[in-house]
>>> print(open('final_20.tsv').read())   # TSV, C-alpha atoms and all ligand atoms
chain	number	residue	atom	x	y	z
C	1	MET	CA	-11.96	-2.30	15.12
C	2	ARG	CA	-8.42	-3.63	15.66
C	3	LYS	CA	-5.75	-0.91	15.89
C	4	PHE	CA	-2.49	-1.27	13.94
C	5	ILE	CA	0.65	0.79	13.57
C	6	ILE	CA	2.86	-0.13	10.58
C	7	ASP	CA	6.58	0.67	10.39
C	8	THR	CA	7.92	0.25	6.86
C	9	ASP	CA	10.81	0.90	4.47
C	10	THR	CA	8.20	1.08	1.72
C	11	ALA	CA	9.24	-0.72	-1.43
C	12	SER	CA	7.39	-3.14	-3.68
C	13	ASP	CA	6.55	-5.83	-1.15
C	14	ASP	CA	5.90	-3.39	1.72
C	15	ALA	CA	3.34	-1.64	-0.49
C	16	VAL	CA	1.35	-4.85	-0.88
C	17	ALA	CA	1.41	-5.31	2.91
C	18	LEU	CA	0.07	-1.76	3.30
C	19	VAL	CA	-2.75	-2.57	0.86
C	20	LEU	CA	-3.65	-5.68	2.88
C	21	ALA	CA	-3.95	-3.69	6.12
C	22	LEU	CA	-5.60	-0.60	4.65
C	23	ARG	CA	-8.26	-2.67	2.89
C	24	GLN	CA	-9.39	-4.62	5.98
C	25	PRO	CA	-12.75	-3.23	7.16
C	26	ASP	CA	-12.07	-4.21	10.79
C	27	ILE	CA	-8.56	-2.71	11.01
C	28	ASP	CA	-7.89	0.90	11.93
C	29	VAL	CA	-4.33	1.78	10.88
C	30	LYS	CA	-3.50	4.57	13.35
C	31	ALA	CA	-0.20	5.52	11.69
C	32	ILE	CA	2.32	4.48	9.07
C	33	THR	CA	5.88	5.28	10.15
C	34	VAL	CA	8.65	5.15	7.54
C	35	VAL	CA	12.26	4.08	8.03
C	36	ALA	CA	15.21	4.02	5.62
C	37	GLY	CA	16.01	0.58	4.25
C	38	ASN	CA	15.08	-0.69	0.80
C	39	VAL	CA	15.26	2.90	-0.42
C	40	PRO	CA	16.33	6.19	1.21
C	41	LEU	CA	13.80	7.64	3.66
C	42	ALA	CA	12.46	10.33	1.29
C	43	GLN	CA	11.59	7.73	-1.35
C	44	GLY	CA	10.06	5.36	1.17
C	45	LEU	CA	7.88	8.22	2.36
C	46	GLN	CA	6.60	8.96	-1.14
C	47	ASN	CA	5.93	5.26	-1.78
C	48	ALA	CA	3.93	4.95	1.45
C	49	LEU	CA	1.97	8.15	0.76
C	50	TYR	CA	1.19	7.03	-2.81
C	51	THR	CA	0.03	3.59	-1.65
C	52	ALA	CA	-2.21	5.04	1.09
C	53	GLU	CA	-3.76	7.42	-1.47
C	54	LEU	CA	-4.35	4.53	-3.89
C	55	CYS	CA	-6.26	2.76	-1.09
C	56	ASP	CA	-8.34	5.90	-0.42
C	57	ALA	CA	-6.98	5.74	3.14
C	58	SER	CA	-6.63	8.90	5.25
C	59	VAL	CA	-3.95	7.37	7.49
C	60	PRO	CA	-1.15	9.75	8.56
C	61	VAL	CA	2.35	8.88	7.27
C	62	TYR	CA	5.38	10.00	9.27
C	63	ALA	CA	9.09	10.26	8.49
C	64	GLY	CA	11.48	8.38	10.76
C	65	CYS	CA	15.17	7.58	10.78
C	66	ALA	CA	17.16	8.21	7.60
C	67	LYS	CA	19.93	5.79	8.64
C	68	PRO	CA	20.62	2.94	11.06
C	69	LEU	CA	21.49	3.75	14.70
C	70	LEU	CA	25.24	3.28	14.30
C	71	ARG	CA	25.95	2.11	10.77
C	72	GLU	CA	25.82	3.60	7.29
C	73	LEU	CA	22.58	2.96	5.38
C	74	GLU	CA	22.64	0.05	2.91
C	75	THR	CA	19.74	0.20	0.44
C	76	ALA	CA	18.34	-2.36	-2.02
C	77	GLU	CA	17.45	-0.57	-5.25
C	78	ALA	CA	18.86	-3.52	-7.20
C	79	VAL	CA	16.10	-5.64	-5.65
C	80	HIS	CA	13.09	-3.30	-5.79
C	81	GLY	CA	14.06	-0.62	-8.32
C	82	GLU	CA	15.54	2.89	-8.09
C	83	ASP	CA	12.15	4.14	-6.85
C	84	GLY	CA	11.60	0.94	-4.87
C	85	MET	CA	8.36	0.28	-6.76
C	86	GLY	CA	9.59	-1.50	-9.87
C	87	ASP	CA	10.55	1.67	-11.81
C	88	ILE	CA	7.29	1.47	-13.77
C	89	GLY	CA	6.88	5.24	-13.90
C	90	LEU	CA	4.47	5.78	-10.98
C	91	PRO	CA	4.19	9.43	-9.82
C	92	LEU	CA	5.97	8.81	-6.52
C	93	CYS	CA	6.66	12.41	-5.58
C	94	GLY	CA	5.17	15.62	-4.22
C	95	ARG	CA	3.14	14.18	-1.34
C	96	GLU	CA	3.55	15.58	2.17
C	97	PRO	CA	4.03	13.43	5.30
C	98	ALA	CA	2.35	14.39	8.59
C	99	PRO	CA	4.49	16.50	10.95
C	100	GLY	CA	6.46	14.73	13.69
C	101	HIS	CA	9.19	12.11	13.95
C	102	ALA	CA	8.18	8.46	13.65
C	103	ALA	CA	9.87	7.49	16.92
C	104	ASP	CA	7.80	10.07	18.80
C	105	VAL	CA	4.63	9.04	16.95
C	106	LEU	CA	5.25	5.39	17.85
C	107	ARG	CA	5.61	6.35	21.52
C	108	GLN	CA	2.46	8.49	21.54
C	109	ALA	CA	0.31	6.04	19.58
C	110	ILE	CA	1.37	3.06	21.72
C	111	LYS	CA	0.76	4.97	24.97
C	112	SER	CA	-2.64	6.24	23.89
C	113	ASN	CA	-3.72	2.73	22.84
C	114	ALA	CA	-1.91	0.83	25.57
C	115	GLY	CA	-2.80	-2.88	25.55
C	116	ASP	CA	-4.87	-2.51	22.39
C	117	ILE	CA	-2.37	-1.94	19.59
C	118	THR	CA	-0.68	-4.27	17.11
C	119	LEU	CA	2.67	-3.11	15.75
C	120	VAL	CA	3.75	-4.55	12.39
C	121	THR	CA	7.33	-3.88	11.30
C	122	LEU	CA	8.32	-4.37	7.65
C	123	GLY	CA	11.78	-2.82	7.52
C	124	PRO	CA	14.91	-2.23	9.61
C	125	LEU	CA	14.01	-1.72	13.28
C	126	THR	CA	15.65	1.69	13.70
C	127	ASN	CA	12.47	3.69	14.48
C	128	VAL	CA	11.18	1.07	16.92
C	129	ALA	CA	14.53	0.79	18.71
C	130	LEU	CA	14.73	4.58	19.05
C	131	ALA	CA	11.25	4.70	20.59
C	132	LEU	CA	12.17	1.91	23.03
C	133	LEU	CA	15.45	3.61	23.97
C	134	ARG	CA	13.48	6.75	24.86
C	135	GLU	CA	10.78	4.85	26.70
C	136	PRO	CA	11.55	1.16	27.55
C	137	GLU	CA	8.16	0.68	29.22
C	138	LEU	CA	6.51	0.92	25.79
C	139	ALA	CA	7.26	-2.79	25.28
C	140	ALA	CA	4.62	-3.79	27.83
C	141	LYS	CA	1.99	-1.59	26.17
C	142	VAL	CA	2.04	-3.30	22.75
C	143	SER	CA	-0.42	-6.20	22.37
C	144	ARG	CA	1.66	-7.99	19.71
C	145	CYS	CA	4.58	-6.98	17.48
C	146	PHE	CA	4.78	-8.83	14.16
C	147	ILE	CA	8.25	-8.49	12.70
C	148	MET	CA	9.15	-9.33	9.13
C	149	GLY	CA	12.76	-10.05	9.77
C	150	GLY	CA	15.45	-12.59	10.40
C	151	ILE	CA	15.45	-16.24	9.55
C	152	GLY	CA	13.65	-18.95	11.50
C	153	THR	CA	15.58	-21.63	9.70
C	154	GLY	CA	17.57	-21.88	6.48
C	155	HIS	CA	19.52	-19.33	4.46
C	156	GLY	CA	19.61	-15.56	4.46
C	157	ASN	CA	19.19	-13.08	1.62
C	158	VAL	CA	22.08	-10.71	2.33
C	159	THR	CA	24.62	-13.16	3.72
C	160	PRO	CA	24.12	-16.93	4.05
C	161	THR	CA	22.78	-16.35	7.56
C	162	ALA	CA	21.33	-12.80	7.61
C	163	GLU	CA	18.08	-11.28	6.35
C	164	PHE	CA	18.02	-7.67	5.09
C	165	ASN	CA	15.84	-5.94	7.74
C	166	ILE	CA	17.95	-7.28	10.61
C	167	TRP	CA	21.26	-6.97	8.73
C	168	VAL	CA	20.77	-3.27	7.85
C	169	ASP	CA	20.48	-2.26	11.54
C	170	PRO	CA	21.52	-5.15	13.79
C	171	GLU	CA	22.00	-2.89	16.83
C	172	ALA	CA	18.38	-1.75	16.52
C	173	ALA	CA	17.20	-5.33	16.12
C	174	LYS	CA	19.14	-6.42	19.23
C	175	ILE	CA	17.47	-3.65	21.24
C	176	VAL	CA	14.02	-4.67	19.99
C	177	TYR	CA	14.50	-8.42	20.48
C	178	GLU	CA	15.75	-7.85	24.05
C	179	SER	CA	13.10	-5.24	24.93
C	180	GLY	CA	10.35	-7.55	26.16
C	181	LEU	CA	8.09	-6.65	23.20
C	182	PRO	CA	5.69	-9.58	22.51
C	183	ILE	CA	7.31	-10.52	19.19
C	184	SER	CA	5.94	-12.79	16.48
C	185	MET	CA	8.77	-13.13	14.00
C	186	VAL	CA	8.03	-14.06	10.39
C	187	GLY	CA	11.42	-14.80	8.86
C	188	TRP	CA	12.46	-14.80	5.24
C	189	ASP	CA	12.27	-18.60	5.28
C	190	ILE	CA	8.47	-18.30	5.57
C	191	SER	CA	8.32	-15.98	2.54
C	192	TRP	CA	10.63	-18.25	0.55
C	193	GLN	CA	8.54	-21.36	1.33
C	194	TYR	CA	4.96	-20.02	1.32
C	195	ALA	CA	4.83	-16.61	-0.40
C	196	THR	CA	6.44	-17.05	-3.81
C	197	PHE	CA	4.51	-16.29	-7.01
C	198	ASP	CA	5.41	-17.58	-10.47
C	199	ALA	CA	4.12	-15.87	-13.64
C	200	ASP	CA	0.83	-17.80	-13.69
C	201	GLN	CA	0.15	-17.21	-9.99
C	202	ALA	CA	0.94	-13.52	-10.39
C	203	ASP	CA	-1.27	-13.25	-13.46
C	204	GLU	CA	-4.15	-14.94	-11.59
C	205	ILE	CA	-4.10	-12.02	-9.15
C	206	ARG	CA	-3.56	-9.36	-11.80
C	207	ARG	CA	-6.53	-10.71	-13.81
C	208	ILE	CA	-8.84	-9.68	-10.93
C	209	GLY	CA	-8.59	-6.52	-12.97
C	210	THR	CA	-8.97	-3.78	-10.36
C	211	PRO	CA	-6.41	-0.93	-10.14
C	212	LEU	CA	-5.11	-2.41	-6.85
C	213	ALA	CA	-4.80	-5.92	-8.38
C	214	GLU	CA	-2.72	-4.51	-11.23
C	215	PHE	CA	-0.70	-2.29	-8.85
C	216	VAL	CA	0.36	-5.08	-6.45
C	217	ILE	CA	1.68	-7.16	-9.36
C	218	ASP	CA	3.11	-4.49	-11.67
C	219	ILE	CA	5.35	-2.95	-8.96
C	220	GLN	CA	7.12	-6.33	-8.57
C	221	LYS	CA	8.85	-5.85	-11.95
C	222	THR	CA	12.37	-5.27	-10.61
C	223	LEU	CA	11.93	-7.87	-7.83
C	224	THR	CA	10.96	-10.44	-10.47
C	225	GLU	CA	14.01	-9.64	-12.59
C	226	PHE	CA	16.23	-9.76	-9.48
C	227	SER	CA	14.72	-13.04	-8.24
C	228	MET	CA	15.22	-14.73	-11.59
C	229	ARG	CA	18.77	-13.44	-11.93
C	230	GLU	CA	19.99	-13.90	-8.34
C	231	ASN	CA	17.74	-16.51	-6.73
C	232	ALA	CA	16.82	-18.67	-9.69
C	233	LEU	CA	13.20	-18.01	-8.74
C	234	ALA	CA	10.94	-17.60	-11.77
C	235	GLY	CA	8.80	-14.96	-10.09
C	236	PHE	CA	8.90	-13.03	-6.82
C	237	ASP	CA	8.35	-13.55	-3.10
C	238	LEU	CA	6.31	-11.34	-0.73
C	239	PRO	CA	7.85	-11.36	2.77
C	240	ASP	CA	6.12	-8.25	4.10
C	241	PRO	CA	2.63	-9.23	2.83
C	242	ILE	CA	2.71	-12.70	4.42
C	243	THR	CA	3.84	-11.06	7.67
C	244	MET	CA	0.93	-8.60	7.46
C	245	ALA	CA	-1.41	-11.49	6.62
C	246	ALA	CA	-0.19	-13.26	9.78
C	247	ALA	CA	-1.01	-10.13	11.80
C	248	ILE	CA	-4.47	-9.86	10.21
C	249	ASP	CA	-5.39	-13.57	10.30
C	250	PRO	CA	-3.81	-15.61	13.13
C	251	SER	CA	-4.42	-18.85	11.17
C	252	VAL	CA	-1.86	-17.86	8.51
C	253	CYS	CA	1.22	-18.82	10.53
C	254	ARG	CA	2.05	-21.42	13.15
C	255	TYR	CA	4.68	-20.47	15.76
C	256	LYS	CA	7.09	-22.00	18.23
C	257	ARG	CA	8.57	-20.03	21.12
C	258	TYR	CA	12.35	-19.83	21.17
C	259	ARG	CA	15.20	-17.72	22.48
C	260	VAL	CA	16.36	-15.52	19.63
C	261	ASP	CA	19.48	-13.35	19.85
C	262	VAL	CA	20.82	-10.96	17.21
C	263	THR	CA	24.52	-10.73	16.34
C	264	THR	CA	26.03	-7.27	15.85
C	265	GLY	CA	29.42	-8.21	14.44
C	266	GLU	CA	30.90	-7.58	11.03
C	267	GLY	CA	30.92	-9.64	7.83
C	268	LEU	CA	29.34	-13.04	8.32
C	269	ALA	CA	28.72	-12.23	12.00
C	270	ARG	CA	26.42	-9.32	11.15
C	271	GLY	CA	22.67	-9.39	11.66
C	272	ILE	CA	22.09	-13.08	12.36
C	273	THR	CA	18.90	-14.07	14.25
C	274	VAL	CA	20.29	-16.94	16.31
C	275	VAL	CA	17.29	-19.18	17.06
C	276	ASP	CA	18.01	-21.44	20.06
C	277	ARG	CA	15.80	-24.33	18.93
C	278	LEU	CA	17.31	-26.82	21.39
C	279	ALA	CA	17.32	-24.35	24.32
C	280	VAL	CA	21.03	-24.98	24.84
C	281	THR	CA	21.71	-21.39	25.96
C	282	GLY	CA	19.39	-21.63	28.94
C	283	ARG	CA	18.28	-18.07	28.09
C	284	GLU	CA	14.60	-17.11	28.48
C	285	PRO	CA	12.63	-17.61	25.23
C	286	ASN	CA	11.64	-14.16	23.88
C	287	VAL	CA	10.16	-14.69	20.40
C	288	ASP	CA	7.30	-16.64	18.82
C	289	VAL	CA	9.01	-17.78	15.63
C	290	ALA	CA	6.85	-18.65	12.62
C	291	VAL	CA	7.67	-22.24	11.65
C	292	SER	CA	5.03	-22.80	8.95
C	293	ALA	CA	2.30	-20.93	7.08
C	294	ASP	CA	-0.98	-21.57	5.30
C	295	ARG	CA	-0.36	-20.33	1.76
C	296	GLN	CA	-4.00	-20.77	0.79
C	297	ALA	CA	-5.18	-18.51	3.63
C	298	PHE	CA	-2.55	-15.90	2.66
C	299	VAL	CA	-3.45	-15.88	-1.05
C	300	LYS	CA	-7.18	-15.78	-0.24
C	301	LEU	CA	-6.64	-12.69	1.95
C	302	LEU	CA	-4.46	-11.07	-0.73
C	303	LYS	CA	-7.05	-11.66	-3.48
C	304	ARG	CA	-9.89	-10.39	-1.27
C	305	SER	CA	-7.93	-7.25	-0.40
C	306	VAL	CA	-7.42	-6.23	-4.03
C	307	SER	CA	-10.87	-7.25	-5.31
C	401	LIG	O1	14.42	-9.40	3.54
C	401	LIG	C1	13.17	-8.98	3.11
C	401	LIG	C2	12.82	-7.67	3.72
C	401	LIG	O2	13.76	-6.69	3.32
C	401	LIG	C3	11.45	-7.13	3.24
C	401	LIG	O3	10.90	-6.37	4.27
C	401	LIG	C4	11.82	-6.25	2.09
C	401	LIG	O4	10.86	-5.23	1.88
C	401	LIG	C5	13.13	-5.67	2.57
C	401	LIG	O5	12.82	-4.59	3.45
C	402	CA	CA	10.26	-4.05	3.81
>>> encode(input="final_20.tsv", output="C-alpha cells")
Amino acid sequence: MRKFIIDTDTASDDAVALVLALRQPDIDVKAITVVAGNVPLAQGLQNALYTAELCDASVPVYAGCAKPLLRELETAEAVHGEDGMGDIGLPLCGREPAPGHAADVLRQAIKSNAGDITLVTLGPLTNVALALLREPELAAKVSRCFIMGGIGTGHGNVTPTAEFNIWVDPEAAKIVYESGLPISMVGWDISWQYATFDADQADEIRRIGTPLAEFVIDIQKTLTEFSMRENALAGFDLPDPITMAAAIDPSVCRYKRYRVDVTTGEGLARGITVVDRLAVTGREPNVDVAVSADRQAFVKLLKRSVS
C-alpha cells in the first residue's frame, strides 16, 4: 500500500482529486487536512467529509488554517459556487471532522511514516508551511510532495502571472518551496493544456452512470459557467485531479528540474512562481516542474476511479 496525505481547500475539482485517491486499491490515505482557499475552512471541511463518505472511505478529515499566514483570505465562490461544489443542493453540512489541527496532524503523520509518505497539496500552502515552520526537518521525511500550484509556463488564473493556490498565500508558498521538500509541481498550465473537458467529454464520463461518475461531473456546474464566461472555455478544467493522477501514476506527467522562487509582493508582483528555465540565477534547482502530461492516461484513471 502507498501512503498519502492530502491537503485540500475542497471545492469542485479538489473533490474529484479526493475520489481518485480514495478509490485506488493500493493507496492508503492516512489523512485529509483542510485549508481555507476556494471556500472558507468550515465549508471546505464539509465538502471533504461529504466526498469521503460518498467514497465509503473511513479516512480522518482535519481542520487546518482558516486564513493565510499573513494576508486576508481571498475565496473563489464565483468559480466553484457558494458551497464550492456547484451549488447543486448537496447536503454539505452536519459532518464532524476528527479532533486536532491539520498542521499538527501533518507533522505527526509525516514523522510516523518517515520516508514512506506522499504529500499531495491541492490548495493554498498555509497548513504545510505552518507544519514546516514548527518542524523544518519534516521536509526530509516526505518521499514526494505533489503540489497543484503555480505556473510552469504561460498565463495565470488570478493575475496574468499568478495561480490561485500560490497567490492566496504567497508567504506560505515561499516557505514550502524553500524548505527542501521534494516537490513535483503541476502548474495550472498543465490543467489548461491537458485536463479540460467539453460537454461531450464530460458527458462521456457521466454516462458511466455510477453515483460517483454523476457526482464528479455535476459538481462542476459553477466552474463550467465560470469557464465559459471568463475563460472562453466551453467546459471546465480539472487542475487538482490531474495533479492527483500524477501522484498516483508517474507516467501522467513529464518533469524538468528548475529553480523556482515565489514572489511575495503586491499587485502583479504577488504569488508568481518564477521558473528559472535558463538557470540564469545560479540558484540551486529545487522543483521538478511538470512540462507535459499524458491526457489519455489521466482520463483512463479518472474513468476507472468512478466506474
Ligand atoms: O488554480 C487552481 C487551483 O485553485 C485549484 O486547486 C482549485 O481547486 C483552486 O484551489
Ligand atoms: Ca484546490
>>> closest_residue(input="final_20.tsv", among="C:Asp288, C:Glu204, C:Glu135, C:Asp237", to="ligand CA 402 (chain C)", atoms="all atoms listed in the file")
C:Asp237
>>> residues_around(input="final_20.tsv", residues="Tyr50 (chain C)", least_positions_apart="2", cutoff="9 Å", atoms="all atoms listed in the file", output="number ranges by chain")
C: 45-48, 52-55, 90-93, 95
>>> residues_around(input="final_20.tsv", residues="region 271-274 of chain C", least_positions_apart="2", cutoff="6 Å", atoms="only C-alpha atoms", output="ChimeraX atom specification")
/C:150,161-162,166-167,170,260-264
>>> closest_atom_pairs(input="final_20.tsv", of="chain C", to="ligand CA 402 (chain C)", cutoff="10 Å", atoms="only C-alpha atoms and all ligand atoms", output="JSON lines")
{"residue": "C:Asp7", "atom": "CA", "partner": "C:CA402", "partner_atom": "CA", "distance": 8.9}
{"residue": "C:Thr8", "atom": "CA", "partner": "C:CA402", "partner_atom": "CA", "distance": 5.8}
{"residue": "C:Asp9", "atom": "CA", "partner": "C:CA402", "partner_atom": "CA", "distance": 5.0}
{"residue": "C:Thr10", "atom": "CA", "partner": "C:CA402", "partner_atom": "CA", "distance": 5.9}
{"residue": "C:Ala11", "atom": "CA", "partner": "C:CA402", "partner_atom": "CA", "distance": 6.3}
{"residue": "C:Ser12", "atom": "CA", "partner": "C:CA402", "partner_atom": "CA", "distance": 8.1}
{"residue": "C:Asp13", "atom": "CA", "partner": "C:CA402", "partner_atom": "CA", "distance": 6.4}
{"residue": "C:Asp14", "atom": "CA", "partner": "C:CA402", "partner_atom": "CA", "distance": 4.9}
{"residue": "C:Ala15", "atom": "CA", "partner": "C:CA402", "partner_atom": "CA", "distance": 8.5}
{"residue": "C:Ala17", "atom": "CA", "partner": "C:CA402", "partner_atom": "CA", "distance": 9.0}
{"residue": "C:Val35", "atom": "CA", "partner": "C:CA402", "partner_atom": "CA", "distance": 9.4}
{"residue": "C:Ala36", "atom": "CA", "partner": "C:CA402", "partner_atom": "CA", "distance": 9.6}
{"residue": "C:Gly37", "atom": "CA", "partner": "C:CA402", "partner_atom": "CA", "distance": 7.4}
{"residue": "C:Asn38", "atom": "CA", "partner": "C:CA402", "partner_atom": "CA", "distance": 6.6}
{"residue": "C:Val39", "atom": "CA", "partner": "C:CA402", "partner_atom": "CA", "distance": 9.5}
{"residue": "C:Gly44", "atom": "CA", "partner": "C:CA402", "partner_atom": "CA", "distance": 9.8}
{"residue": "C:Thr121", "atom": "CA", "partner": "C:CA402", "partner_atom": "CA", "distance": 8.0}
{"residue": "C:Leu122", "atom": "CA", "partner": "C:CA402", "partner_atom": "CA", "distance": 4.3}
{"residue": "C:Gly123", "atom": "CA", "partner": "C:CA402", "partner_atom": "CA", "distance": 4.2}
{"residue": "C:Pro124", "atom": "CA", "partner": "C:CA402", "partner_atom": "CA", "distance": 7.7}
{"residue": "C:Met148", "atom": "CA", "partner": "C:CA402", "partner_atom": "CA", "distance": 7.6}
{"residue": "C:Gly149", "atom": "CA", "partner": "C:CA402", "partner_atom": "CA", "distance": 8.8}
{"residue": "C:Phe164", "atom": "CA", "partner": "C:CA402", "partner_atom": "CA", "distance": 8.7}
{"residue": "C:Asn165", "atom": "CA", "partner": "C:CA402", "partner_atom": "CA", "distance": 7.1}
{"residue": "C:Leu238", "atom": "CA", "partner": "C:CA402", "partner_atom": "CA", "distance": 9.5}
{"residue": "C:Pro239", "atom": "CA", "partner": "C:CA402", "partner_atom": "CA", "distance": 7.8}
{"residue": "C:Asp240", "atom": "CA", "partner": "C:CA402", "partner_atom": "CA", "distance": 5.9}
{"residue": "C:Pro241", "atom": "CA", "partner": "C:CA402", "partner_atom": "CA", "distance": 9.3}
>>> residues_around(input="final_20.tsv", residues="region 290-295 of chain C", least_positions_apart="6", cutoff="12 Å", atoms="all atoms listed in the file", output="MDAnalysis selection string")
chainID C and resid 146:154 183:197 238:239 241:243 245:247 249:258 275 277 301:302
>>> closest_residue(input="final_20.tsv", among="C:Leu69, C:Val158, C:Gln108, C:Arg207", to="Leu133 (chain C)", atoms="all atoms listed in the file")
C:Leu69
